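Q: Please see the structure below; I have some questions.
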Amino acid sequence: MKILLISLKGLGDTVYMIPLIRRLHAEYGGAAMTLVVRDRKCVELFANCPYVNPVLINYSKTDPASLLGHLKTVLALRREKFDVSVTSFPSNRLAYNLFAFCAGAKKRITHYYKFAAWRTLPFLQDIRIDSDRQKHQVEKNLDLLAGLGLAPAAQKPDMSAWLAPGDEAYAAAFLRESGIAGQDLVIGVHPSISRAQVYKNWDQGNIRVFAKLIDWLAADRGAKVLVFAGPDEQEAADSIIGLAQRKPVQVARAETNKLAALLKSCRLFINTDGGLGPLAASVGTPCVTVLGPTSPAVTAPYGEGNTALTLGLDCAPCYMYPYESTSPKIKCGSPACMGLIDIDKLKQAVLGHLER
């Protein structure tokens with residue numbers, strides 16, 4: 001059996017495919033599985049996975065020349081003659097349905113959405129599974145197994161990532177070179193603050209909130225703090241580090257599994273909505289995640305032992321994709337749910353983890 005898995009989203013959404021991949025392997029141990037992603041970080045995530053062959057789609061709207069490479073990849077996939085394709089959540093886009101159709105699997109499975117039911121050409125997929133709006137993304141993806149006649153598993157979904165010894169060695173060397181000893185309390189912080197994405201466009205005042213949090217962690221808890229940042233978050237991270245009186249350690253850019261190994265070394269990971277929260281959960285590190293317009297029930301790091309915080313507004317969550325939009329949108333022009341984070345509530349959540 002040949003299975004094509006399609007996840008044309010970011011790192012967090014792709015991490016949430018891990019339980020589905022593990023379940024497919026358990027059911028079809030001899031199946032050849034190919035995973036298509038459009039972010040190199042996602043390719044790196046599966047570098048050590050023995051179950052799938054990750055393939056990078058390099059098409060970019062800002063680089064029309066990449067279209068040729070994109071088409072070559074689609075044709076190469078079509079020649080594989082897949083028995084089934086599975087497009088993961090969220091998937092209410094014309095491009096995703098077209099991609100699955102052009103890849104040519106005999107059976108094509110995705111979720112069903114009422115919104116834009118014709119505009120996205122969902123009929124190009126053979127089987128569309130109802131998407132329960134209240135379920136977590138992990139569970140939504142596992143629901144797609146119904147398209148193969150499989151019932152939900154009784155056991156807890158396994159979301160553990162695949163780390164290599166070299167990843168663990170990198171993390172150990174990084175901590176050692178940063179003056180962090182094995183007995184130190186290590187806490188990771190990821191201030192995912194950026195104007196580039198609608199769910200990261202937090203009030204810039206939160207830069208000062210995170211700086212104060214870092215100082216409190218270091219002074220009151222004796223913590224060694226690691227600050228993580230993606231390319232579009234570097235400006236905010238630099239500002240936070242500049243404001244902090246007790247300087248944290250900035251994590252250098254590294255491959256996904258090396259970052260995962262560093263996250264594994266943390267006692268706790270504090271973040272706003274972003275891909276590193278799910279990655280931390282995949283290596284067993286508990287998270288305190290502050291969410292704005294997205295739903296904690298759907299997107300917060302999956303599993304027991306994680307805490308999701310919101311500003312508690314009646315209008316939230318209002319992130320519209322994929323149930324009320326075919327692209328990332330929120331209903332508010334100036335979303336109050338992404339205002340100043342209450343540092344006292346944040347400290348209380350952190351203490352709830354550290355004092356267990």
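Each chain in the structure tokens gets a letter, A, B and so on, in the order shown; residues start at 1 in every chain, and ligands are counted from 1 in the order they appear.
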Which residues are close to Ser192 of chain A, i.e. within 10 Å by only C-alpha atoms, leaving aside same-chain residues fewer than 2 positions away? Reply as a PDB file with C-alpha atoms, in the first residue's frame.

A:
ATOM      1  CA  VAL A 189      10.456  31.246  26.433  1.00  0.00           C
ATOM      2  CA  HIS A 190       9.154  31.861  22.922  1.00  0.00           C
ATOM      3  CA  SER A 194       5.209  39.497  14.865  1.00  0.00           C
ATOM      4  CA  ARG A 195       3.100  41.681  12.631  1.00  0.00           C
ATOM      5  CA  GLN A 197       0.870  36.804  10.918  1.00  0.00           C
ATOM      6  CA  TYR A 199      -2.387  35.394  15.264  1.00  0.00           C
ATOM      7  CA  LYS A 200       1.078  36.679  16.250  1.00  0.00           C
ATOM      8  CA  ASN A 201       0.296  40.401  16.061  1.00  0.00           C
ATOM      9  CA  TRP A 202       0.382  40.934  19.807  1.00  0.00           C
ATOM     10  CA  PHE A 228      13.619  31.048  21.153  1.00  0.00           C
ATOM     11  CA  ALA A 229      12.695  33.134  18.079  1.00  0.00           C
ATOM     12  CA  GLY A 230      11.928  32.543  14.423  1.00  0.00           C
ATOM     13  CA  ASP A 232      10.033  37.062  11.757  1.00  0.00           C
ATOM     14  CA  GLU A 233      10.185  37.232  15.567  1.00  0.00           C
ATOM     15  CA  GLN A 234      13.833  38.212  15.960  1.00  0.00           C
ATOM     16  CA  ALA A 236      10.812  41.290  19.283  1.00  0.00           C
ATOM     17  CA  ALA A 237      13.222  38.787  20.849  1.00  0.00           C
ATOM     18  CA  ASN A 271       5.034  30.736  24.658  1.00  0.00           C
ATOM     19  CA  THR A 272       2.423  32.525  22.653  1.00  0.00           C
ATOM     20  CA  ASP A 273       0.694  30.758  19.761  1.00  0.00           C
ATOM     21  CA  GLY A 274       3.333  29.290  17.432  1.00  0.00           C
ATOM     22  CA  GLY A 275       4.884  26.087  16.114  1.00  0.00           C
ATOM     23  CA  LEU A 276       7.319  25.569  18.980  1.00  0.00           C
ATOM     24  CA  VAL A 290      -0.972  32.349  25.796  1.00  0.00           C
TER      25      VAL A 290
END

Q: Residues at most 9 Å from Leu213 of chain A, counting only C-alpha atoms, excluding those fewer than 6 positions away in the same chain, as an mmCIF file with C-alpha atoms, in the first residue's frame?

A:
data_model
loop_
_atom_site.group_PDB
_atom_site.id
_atom_site.type_symbol
_atom_site.label_atom_id
_atom_site.label_comp_id
_atom_site.auth_asym_id
_atom_site.auth_seq_id
_atom_site.Cartn_x
_atom_site.Cartn_y
_atom_site.Cartn_z
ATOM 1 C CA ALA A 244 15.738 42.132 30.647
ATOM 2 C CA ILE A 343 1.808 38.958 33.996
ATOM 3 C CA LEU A 346 1.202 34.158 33.709
ATOM 4 C CA LYS A 347 3.299 33.861 36.877
#

Q: If you count only C-alpha atoms, which residues fall within 9 Å of Ala32 of chain A, apart from same-chain ones fewer than 2 positions away, as a PyMOL selection string?

A: chain A and resi 1-4+28-30+34+51-53

Q: Name the residues of segment 33-257 of chain A that fall into strand (DSSP E) according to DSSP on the backbone, using the chain letters and numbers of this document, as an MDAnalysis selection string.

A: chainID A and resid 33:37 52:56 84:87 107:112 127:130 186:190 224:227 249:250

Q: Give me, please, the distance in Å between atom CA of Cys102 of chain A and atom CA of Ile129 of chain A, quoted to one decimal.

A: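 Atom-to-atom, atom CA of Cys102 of chain A and atom CA of Ile129 of chain A are spaced 20.2 Å apart.
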
Q: Give me the residues within 9 Å of Met320 of chain A as a ChimeraX atom specification, counting only C-alpha atoms and dropping any in the same chain fewer than 5 places off.

A: /A:293-294,325-331

Q: Among the residues of segment 55-251 of chain A, find those DSSP assigns to helix (DSSP H, G or I) from the backbone and print them as a ChimeraX atom specification.

A: /A:64-79,94-103,122-124,137-148,165-177,206-221,231-243

Q: Residues near Arg108 of chain A, anyone? I mean within 12 Å using only C-alpha atoms, not counting same-chain ones fewer than 3 positions away, as an mmCIF file with C-alpha atoms, in the first residue's frame.

A:
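This went into selection.cif:
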data_model
loop_
_atom_site.group_PDB
_atom_site.id
_atom_site.type_symbol
_atom_site.label_atom_id
_atom_site.label_comp_id
_atom_site.auth_asym_id
_atom_site.auth_seq_id
_atom_site.Cartn_x
_atom_site.Cartn_y
_atom_site.Cartn_z
ATOM 1 C CA ILE A 3 -0.031 6.440 1.184
ATOM 2 C CA LEU A 4 0.426 10.125 0.399
ATOM 3 C CA LEU A 5 0.114 12.486 3.386
ATOM 4 C CA ILE A 6 -0.372 16.190 2.644
ATOM 5 C CA PHE A 82 -0.612 6.210 -4.577
ATOM 6 C CA ASP A 83 -3.466 4.110 -3.253
ATOM 7 C CA VAL A 84 -4.691 6.841 -0.909
ATOM 8 C CA SER A 85 -3.955 10.448 -0.026
ATOM 9 C CA VAL A 86 -4.827 12.132 3.279
ATOM 10 C CA THR A 87 -4.911 15.934 3.555
ATOM 11 C CA SER A 88 -4.599 17.013 7.184
ATOM 12 C CA TYR A 96 -5.015 21.852 -1.257
ATOM 13 C CA ASN A 97 -7.874 20.109 -3.047
ATOM 14 C CA LEU A 98 -6.270 20.727 -6.424
ATOM 15 C CA PHE A 99 -2.957 19.382 -5.183
ATOM 16 C CA ALA A 100 -4.525 16.182 -3.870
ATOM 17 C CA PHE A 101 -6.426 15.702 -7.122
ATOM 18 C CA CYS A 102 -3.375 16.287 -9.326
ATOM 19 C CA ALA A 103 -1.264 13.906 -7.215
ATOM 20 C CA GLY A 104 -3.688 11.270 -8.456
ATOM 21 C CA ALA A 105 -4.196 8.891 -5.533
ATOM 22 C CA HIS A 111 -12.254 17.066 6.043
ATOM 23 C CA PRO A 122 -13.910 19.927 -2.356
ATOM 24 C CA PHE A 123 -15.550 17.394 -4.695
ATOM 25 C CA LEU A 124 -12.036 16.765 -6.041
ATOM 26 C CA GLN A 125 -11.564 14.700 -2.875
ATOM 27 C CA ASP A 126 -13.378 11.359 -2.759
ATOM 28 C CA ILE A 127 -14.056 11.131 0.968
ATOM 29 C CA ARG A 128 -14.759 14.093 3.231
ATOM 30 C CA ILE A 129 -14.944 13.491 6.976
ATOM 31 C CA LEU A 144 -9.600 11.005 8.935
ATOM 32 C CA LEU A 145 -8.864 7.325 9.583
ATOM 33 C CA GLY A 147 -12.019 7.231 5.440
ATOM 34 C CA LEU A 148 -10.018 3.993 5.581
#

Q: Rounded to one decimal, what separation in Å do you get between atom CA of Asp130 of chain A and atom CA of Lys114 of chain A?

A: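 It comes out at 9.5 Å.
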
Q: Just the residues within 8 Å of segment 220-223 of chain A, please, counting only C-alpha atoms, with nothing from its chain fewer than 5 positions along; format it as a compact mmCIF listing (two decimals) with C-alpha atoms, in the first residue's frame.

A:
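Written output follows (part26.txt):
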# COMPACT_ATOMS: atom_id res chain seq x y z
CA ASP A 184 19.90 24.03 36.76
CA LEU A 185 16.23 24.88 36.32
CA VAL A 186 15.93 25.54 32.58
CA ILE A 187 12.87 27.34 31.23

Q: If we count only C-alpha atoms and set the cut-off at 7 Å, which residues sit around segment 7-18 of chain A, ignoring sequence neighbours fewer than 4 positions away in its own chain? Please answer as a PyMOL selection string.

A: chain A and resi 22+36-39+41-42+87-88+137-138+141+159+274-276+278-279

Q: Using the selection just defined, write its residues with N, CA and C atoms as a compact mmCIF listing (two decimals), in the first residue's frame.

A:
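Result file selection-v7.txt:
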# COMPACT_ATOMS: atom_id res chain seq x y z
N ARG A 22 1.76 7.69 13.17
CA ARG A 22 2.05 6.52 14.01
C ARG A 22 0.92 5.49 13.92
N VAL A 36 4.13 15.22 2.15
CA VAL A 36 4.43 16.44 1.41
C VAL A 36 4.23 17.64 2.32
N VAL A 37 5.26 18.47 2.42
CA VAL A 37 5.21 19.69 3.24
C VAL A 37 5.76 20.86 2.41
N ARG A 38 5.53 22.07 2.88
CA ARG A 38 6.05 23.24 2.14
C ARG A 38 6.97 24.10 3.00
N ASP A 39 7.47 23.54 4.08
CA ASP A 39 8.36 24.25 4.98
C ASP A 39 9.52 23.33 5.32
N LYS A 41 11.44 23.32 7.78
CA LYS A 41 11.41 22.92 9.19
C LYS A 41 10.62 21.62 9.37
N CYS A 42 9.61 21.43 8.54
CA CYS A 42 8.79 20.21 8.63
C CYS A 42 9.53 19.01 8.06
N THR A 87 -5.26 14.52 3.36
CA THR A 87 -4.91 15.93 3.56
C THR A 87 -5.32 16.34 4.96
N SER A 88 -4.36 16.78 5.77
CA SER A 88 -4.60 17.01 7.18
C SER A 88 -5.29 18.35 7.44
N GLN A 137 -6.82 19.59 17.01
CA GLN A 137 -6.31 19.23 15.69
C GLN A 137 -5.82 17.79 15.64
N VAL A 138 -5.18 17.32 16.67
CA VAL A 138 -4.71 15.93 16.70
C VAL A 138 -5.87 14.98 16.49
N ASN A 141 -7.34 15.11 12.95
CA ASN A 141 -6.55 14.33 12.00
C ASN A 141 -6.79 12.84 12.15
N MET A 159 2.22 11.34 20.34
CA MET A 159 2.70 12.49 19.58
C MET A 159 4.21 12.68 19.70
N GLY A 274 2.29 29.49 18.44
CA GLY A 274 3.33 29.29 17.43
C GLY A 274 3.70 27.82 17.34
N GLY A 275 4.56 27.48 16.38
CA GLY A 275 4.88 26.09 16.11
C GLY A 275 5.73 25.42 17.18
N LEU A 276 6.45 26.19 18.00
CA LEU A 276 7.32 25.57 18.98
C LEU A 276 6.55 24.99 20.17
N PRO A 278 3.61 23.13 20.04
CA PRO A 278 3.39 21.73 19.68
C PRO A 278 4.68 20.91 19.66
N LEU A 279 5.79 21.52 19.20
CA LEU A 279 7.06 20.80 19.16
C LEU A 279 7.50 20.44 20.58

Q: Can you measure atom CA of Asp132 of chain A to atom CA of His25 of chain A for me? One decimal in Å is fine.

A: 24.5 Å

Q: Identify which of the residues A:Gly292, A:Leu263, A:Lys72, A:Ile21 lies closest to Pro54 of chain A, counting only C-alpha atoms when measuring atom-to-atom distances.

A: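 Using only C-alpha atoms, Pro54 of chain A sits closest to A:Ile21.
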